[in-house]
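Engineer: Mind looking over this structure? Questions follow.
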Amino acid sequence: MIRVRLTADDFARVRFAPRPAPLQELNVALMRMCLPGDDVLVGRWRRRQWRSLPVAVRPLADLVPAGQAPLFIDEFSDTLEDGLDSVRATRPELVRSELERVYAGHPAPAPPWVRDLHRGDADAWHLMRRAQHAAFDSVLRPVWPLVQELHRSEFTRHALTVAEHGVGAALTALVPGTRLHGGVWEWEGPGEGDIEPAGHGVVLVPTFHWRGRLLLAHRPGRPLYVTYPAGPGLPLPPAGAGGTDDALAGVLGRTRLETLLLLAEEHTTGDVARRLGVSDATASVHCAALRGAGLITTVRAGRAVLHRRTALGSLLLRRRAPDTGRPGGPERGHSGA
């Protein structure tokens, strides 16, 4: 059980990150690339990203020798350059202790550049900054406008919940599975942990490349940063690909994209199958995958099963050019996405 013990001052300082954090979104995207599983929806994206990563990114793997990253790369500035500057300004003693922690018990010795970083060598810091920059340019820059748009939507959702129900309700609504009891915000997690922000508050940071557990970053004298999955963690299509379906089809597959387009309006599984020219069983499998990604909802009405696109599914399609040749006809009704 993970418990965050909030004082009155902490509650007064709960806030939502006003803009996405480039380095944190990069960290979780790289984590998603490295973790196995989810091949149906992210396998193709993962393979494409690995093939496209430039050589300059390789040193970043040395910072995570056993799946545990050093705390000093958790940085939440809302511009890339400010984030990189903040990482560089990390206290030397924290850099040393964190590098020692992640390499403790690791069978292989740290590579020379990591040992240089441990000593505070300027060339090693330059190598790391170049690697982070190259990774952002390769993995996130093509989709960054969409990340910003999704963040604005999530920010609005949070603001409305706070206005209608208060901060406490917003915390538990924002992160399903968490509970708030007498100033203790808690949830099931790996092991046991008690965290006390000690009056510095909590900053909520949505991420759109992650679907796992909450990620916590807490340093003395700073707020507790809680990174949570806002949506299914489906790989995002580049904003510049809006004139064609190729980007989304590359992630979802052509039939699932066609299904998502069709479900701007409610349809049964049989309707989907007939409109797309596939069997009922195939349509059911595609709908299940889209539902698992949070892109459609499914409800039962008597003996019928009805599917419809969610706001997230509509938002992913907003950047496409108007389309009159698809099963669902021209895209409509995105103003609420």
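Identifiers in this document derive from the order of the structure tokens: chains are assigned A, B, ..., residues are numbered from 1 separately in each chain, and ligands are numbered from 1 in order of occurrence.
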Show me, as a PyMOL selection string, the residues that have an atom within 8 Å of range 170-176 of chain A when counting only C-alpha atoms, minus same-chain residues fewer than 6 positions from it.
Structural biologist: chain A and resi 158+161-162+228
Engineer: I need the residues in range 35-284 of chain A that are strand (DSSP E) according to DSSP; give them as an NGL selection string.
Structural biologist: :A and (179-181 or 184-187 or 193-195 or 202-207 or 215-217 or 224-229 or 267-268)
Engineer: Okay, now the selection with N, CA and C atoms, as a short mmCIF file (atom, residue, chain, number, x, y, z; two decimals), in the first residue's frame?
Structural biologist:
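So the final result, stored in again.cif, reads:
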```
data_model
loop_
_atom_site.label_atom_id
_atom_site.label_comp_id
_atom_site.auth_asym_id
_atom_site.auth_seq_id
_atom_site.Cartn_x
_atom_site.Cartn_y
_atom_site.Cartn_z
N ARG A 179 -7.79 6.08 -2.92
CA ARG A 179 -8.77 6.41 -1.88
C ARG A 179 -8.21 7.54 -1.02
N LEU A 180 -9.11 8.31 -0.45
CA LEU A 180 -8.72 9.40 0.43
C LEU A 180 -9.44 9.22 1.75
N HIS A 181 -8.67 9.01 2.82
CA HIS A 181 -9.23 8.79 4.15
C HIS A 181 -8.49 9.69 5.14
N VAL A 184 -5.16 11.00 4.20
CA VAL A 184 -4.22 10.03 3.64
C VAL A 184 -4.75 9.58 2.28
N TRP A 185 -3.98 9.88 1.25
CA TRP A 185 -4.31 9.45 -0.11
C TRP A 185 -3.55 8.15 -0.35
N GLU A 186 -4.27 7.06 -0.66
CA GLU A 186 -3.61 5.75 -0.70
C GLU A 186 -4.10 4.93 -1.87
N TRP A 187 -3.26 3.97 -2.25
CA TRP A 187 -3.60 3.04 -3.32
C TRP A 187 -2.71 1.82 -3.22
N GLY A 193 4.82 1.98 1.26
CA GLY A 193 5.49 3.27 1.20
C GLY A 193 4.66 4.36 1.84
N ASP A 194 5.30 5.19 2.63
CA ASP A 194 4.66 6.36 3.24
C ASP A 194 5.41 7.60 2.79
N ILE A 195 4.68 8.55 2.23
CA ILE A 195 5.29 9.77 1.71
C ILE A 195 4.63 10.96 2.38
N VAL A 202 1.34 18.79 -3.84
CA VAL A 202 1.36 17.72 -4.84
C VAL A 202 1.13 18.34 -6.21
N VAL A 203 1.92 17.90 -7.19
CA VAL A 203 1.74 18.33 -8.57
C VAL A 203 1.32 17.11 -9.38
N LEU A 204 0.17 17.22 -10.06
CA LEU A 204 -0.37 16.12 -10.85
C LEU A 204 0.06 16.29 -12.30
N VAL A 205 0.69 15.26 -12.84
CA VAL A 205 1.27 15.34 -14.19
C VAL A 205 0.69 14.21 -15.03
N PRO A 206 -0.17 14.51 -16.00
CA PRO A 206 -0.68 13.44 -16.86
C PRO A 206 0.37 13.03 -17.88
N THR A 207 0.36 11.77 -18.25
CA THR A 207 1.22 11.29 -19.33
C THR A 207 0.38 10.50 -20.31
N LEU A 215 3.59 6.97 -11.08
CA LEU A 215 5.02 7.20 -10.94
C LEU A 215 5.21 8.40 -10.02
N LEU A 216 5.98 8.20 -8.96
CA LEU A 216 6.16 9.23 -7.95
C LEU A 216 7.59 9.76 -7.97
N ALA A 217 7.72 11.06 -7.86
CA ALA A 217 9.04 11.68 -7.76
C ALA A 217 9.01 12.66 -6.60
N LEU A 224 5.56 16.76 -4.11
CA LEU A 224 5.49 15.40 -4.63
C LEU A 224 4.90 15.47 -6.03
N TYR A 225 5.62 14.96 -7.02
CA TYR A 225 5.13 14.91 -8.40
C TYR A 225 4.53 13.53 -8.63
N VAL A 226 3.27 13.51 -9.04
CA VAL A 226 2.56 12.26 -9.32
C VAL A 226 2.25 12.21 -10.80
N THR A 227 2.93 11.32 -11.51
CA THR A 227 2.67 11.14 -12.94
C THR A 227 1.69 10.00 -13.11
N TYR A 228 0.57 10.28 -13.76
CA TYR A 228 -0.49 9.28 -13.88
C TYR A 228 -0.87 9.09 -15.35
N PRO A 229 -1.30 7.89 -15.72
CA PRO A 229 -1.70 7.65 -17.11
C PRO A 229 -3.03 8.31 -17.42
N HIS A 267 -23.15 1.75 -33.08
CA HIS A 267 -23.42 0.60 -33.93
C HIS A 267 -23.29 -0.68 -33.12
N THR A 268 -24.05 -1.69 -33.51
CA THR A 268 -23.89 -3.01 -32.91
C THR A 268 -22.69 -3.70 -33.55
#
```
Engineer: I'd like to know which of A:Arg46, A:His307, A:Arg152, A:Arg115 is closest to Leu63 in chain A, using only C-alpha atoms.
Structural biologist: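 Ranked by minimum distance to Leu63 in chain A, first place goes to A:Arg115.
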Engineer: Have a look at A:Thr297, A:Thr255, A:Ser153, A:Ser97 and name the one nearest to Arg19 in chain A; count only C-alpha atoms.
Structural biologist: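 Using only C-alpha atoms, Arg19 in chain A sits closest to A:Ser153.
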Engineer: What's around range 25-35 of chain A at 7 Å? Count only C-alpha atoms, leave out sequence neighbours fewer than 4 positions away in its own chain, and write the answer as a PyMOL selection string.
Structural biologist: chain A and resi 21+46+136+140+207+209-210
Engineer: Would you mind telling me which residue in A:Pro59, A:Pro107, A:Gly168, A:Gly189 lies nearest to Met128 in chain A when using only C-alpha atoms?
Structural biologist: A:Pro59
Engineer: Do you know which residues are at most 9 Å from Leu84 in chain A counting only C-alpha atoms, after dropping those on the same chain fewer than 3 positions away, and could you put them as a PyMOL selection string?
Structural biologist: chain A and resi 23+73+75+77+79-81+87-89+129+132-133
Engineer: Take the residues that were just selected and, keeping all heavy atoms, output them as a compact mmCIF listing (two decimals), in the first residue's frame.
Structural biologist:
```txt
# COMPACT_ATOMS: atom_id res chain seq x y z
N LEU A 23 10.59 16.33 -20.59
CA LEU A 23 11.51 15.27 -20.18
C LEU A 23 10.77 14.12 -19.49
O LEU A 23 11.14 12.95 -19.68
CB LEU A 23 12.59 15.82 -19.25
CG LEU A 23 13.78 16.48 -19.94
CD1 LEU A 23 14.83 16.89 -18.91
CD2 LEU A 23 14.41 15.58 -20.99
N ILE A 73 17.03 12.38 -13.26
CA ILE A 73 16.49 12.61 -14.60
C ILE A 73 14.98 12.85 -14.57
O ILE A 73 14.38 13.15 -15.60
CB ILE A 73 16.83 11.46 -15.57
CG1 ILE A 73 16.08 10.18 -15.20
CG2 ILE A 73 18.32 11.22 -15.63
CD1 ILE A 73 16.19 9.10 -16.26
N GLU A 75 12.46 15.24 -14.25
CA GLU A 75 12.43 16.71 -14.29
C GLU A 75 11.13 17.15 -14.94
O GLU A 75 10.74 16.62 -15.97
CB GLU A 75 13.64 17.24 -15.05
CG GLU A 75 13.72 18.73 -15.14
CD GLU A 75 13.54 19.42 -13.80
OE1 GLU A 75 14.27 19.09 -12.85
OE2 GLU A 75 12.64 20.28 -13.71
N SER A 77 10.05 20.51 -15.68
CA SER A 77 9.95 21.82 -16.33
C SER A 77 9.11 21.70 -17.59
O SER A 77 9.07 20.64 -18.22
CB SER A 77 11.34 22.34 -16.69
OG SER A 77 12.15 22.48 -15.54
N THR A 79 9.43 23.26 -20.51
CA THR A 79 10.11 23.35 -21.80
C THR A 79 11.30 22.39 -21.76
O THR A 79 11.85 22.09 -20.69
CB THR A 79 10.63 24.77 -22.12
OG1 THR A 79 11.75 25.07 -21.29
CG2 THR A 79 9.53 25.81 -21.94
N LEU A 80 11.69 21.92 -22.93
CA LEU A 80 12.78 20.95 -22.99
C LEU A 80 14.08 21.55 -22.50
O LEU A 80 14.80 20.94 -21.69
CB LEU A 80 12.94 20.45 -24.43
CG LEU A 80 14.08 19.44 -24.66
CD1 LEU A 80 13.85 18.17 -23.85
CD2 LEU A 80 14.20 19.12 -26.15
N GLU A 81 14.41 22.77 -22.93
CA GLU A 81 15.70 23.36 -22.55
C GLU A 81 15.74 23.65 -21.05
O GLU A 81 16.78 23.43 -20.41
CB GLU A 81 15.95 24.64 -23.36
CG GLU A 81 16.10 24.41 -24.85
CD GLU A 81 17.20 23.40 -25.19
OE1 GLU A 81 18.22 23.38 -24.50
OE2 GLU A 81 17.02 22.64 -26.17
N VAL A 87 18.24 19.44 -15.00
CA VAL A 87 18.96 18.19 -14.78
C VAL A 87 20.45 18.48 -14.56
O VAL A 87 21.09 17.94 -13.65
CB VAL A 87 18.76 17.22 -15.96
CG1 VAL A 87 19.68 16.01 -15.84
CG2 VAL A 87 17.31 16.76 -16.02
N ARG A 88 21.00 19.35 -15.39
CA ARG A 88 22.43 19.69 -15.27
C ARG A 88 22.75 20.36 -13.94
O ARG A 88 23.86 20.23 -13.41
CB ARG A 88 22.84 20.61 -16.43
CG ARG A 88 24.30 21.06 -16.40
CD ARG A 88 25.22 19.86 -16.54
NE ARG A 88 26.63 20.24 -16.50
CZ ARG A 88 27.35 20.28 -15.39
NH1 ARG A 88 26.78 20.02 -14.20
NH2 ARG A 88 28.63 20.62 -15.43
N ALA A 89 21.76 21.06 -13.37
CA ALA A 89 21.99 21.78 -12.12
C ALA A 89 21.80 20.89 -10.89
O ALA A 89 21.88 21.38 -9.75
CB ALA A 89 21.05 22.98 -12.04
N ARG A 129 23.17 15.25 -22.24
CA ARG A 129 22.23 16.23 -22.77
C ARG A 129 21.97 15.98 -24.26
O ARG A 129 20.81 16.05 -24.71
CB ARG A 129 22.78 17.65 -22.56
CG ARG A 129 21.80 18.75 -22.95
CD ARG A 129 22.42 20.12 -22.78
NE ARG A 129 21.45 21.18 -23.02
CZ ARG A 129 20.95 21.99 -22.10
NH1 ARG A 129 21.34 21.86 -20.84
NH2 ARG A 129 20.09 22.94 -22.42
N GLN A 132 19.59 13.02 -24.57
CA GLN A 132 18.20 13.36 -24.25
C GLN A 132 17.56 14.18 -25.37
O GLN A 132 16.40 13.96 -25.72
CB GLN A 132 18.14 14.12 -22.92
CG GLN A 132 18.47 13.25 -21.71
CD GLN A 132 18.53 14.06 -20.43
OE1 GLN A 132 19.34 14.99 -20.31
NE2 GLN A 132 17.69 13.72 -19.48
N HIS A 133 18.33 15.12 -25.91
CA HIS A 133 17.82 15.93 -27.01
C HIS A 133 17.50 15.06 -28.22
O HIS A 133 16.43 15.20 -28.85
CB HIS A 133 18.86 16.99 -27.40
CG HIS A 133 18.31 18.37 -27.50
ND1 HIS A 133 17.26 18.69 -28.36
CD2 HIS A 133 18.64 19.53 -26.88
CE1 HIS A 133 16.98 19.97 -28.24
NE2 HIS A 133 17.80 20.51 -27.35
```
Engineer: Show me, as a ChimeraX atom specification, the residues that have an atom within 7 Å of His118 in chain A when counting only C-alpha atoms, minus same-chain residues fewer than 5 positions from it.
Structural biologist: /A:95-96,99
Engineer: Could you tell me which of A:Val55, A:Leu117, A:Ala69, A:Val102 comes closest to Ala135 in chain A if we count only C-alpha atoms?
Structural biologist: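 Distance minimum relative to Ala135 in chain A lands on A:Val55.
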Engineer: In terms of the shortest atom-to-atom distance over only C-alpha atoms, which of A:Ala273, A:Ala12, A:Ala17, A:Leu236 is closest to Pro145 in chain A?
Structural biologist: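 Among A:Ala273, A:Ala12, A:Ala17, A:Leu236, it is A:Leu236 that comes nearest to Pro145 in chain A.
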Engineer: Which value, in Å to one decimal, gives the distance between CA of Leu71 in chain A and CA of Pro112 in chain A?
Structural biologist: 20.3 Å
Engineer: Using only C-alpha atoms, can you tell me which of A:Arg15, A:Gly212, A:Arg5, A:Pro36 comes closest to Ala198 in chain A?
Structural biologist: A:Arg5
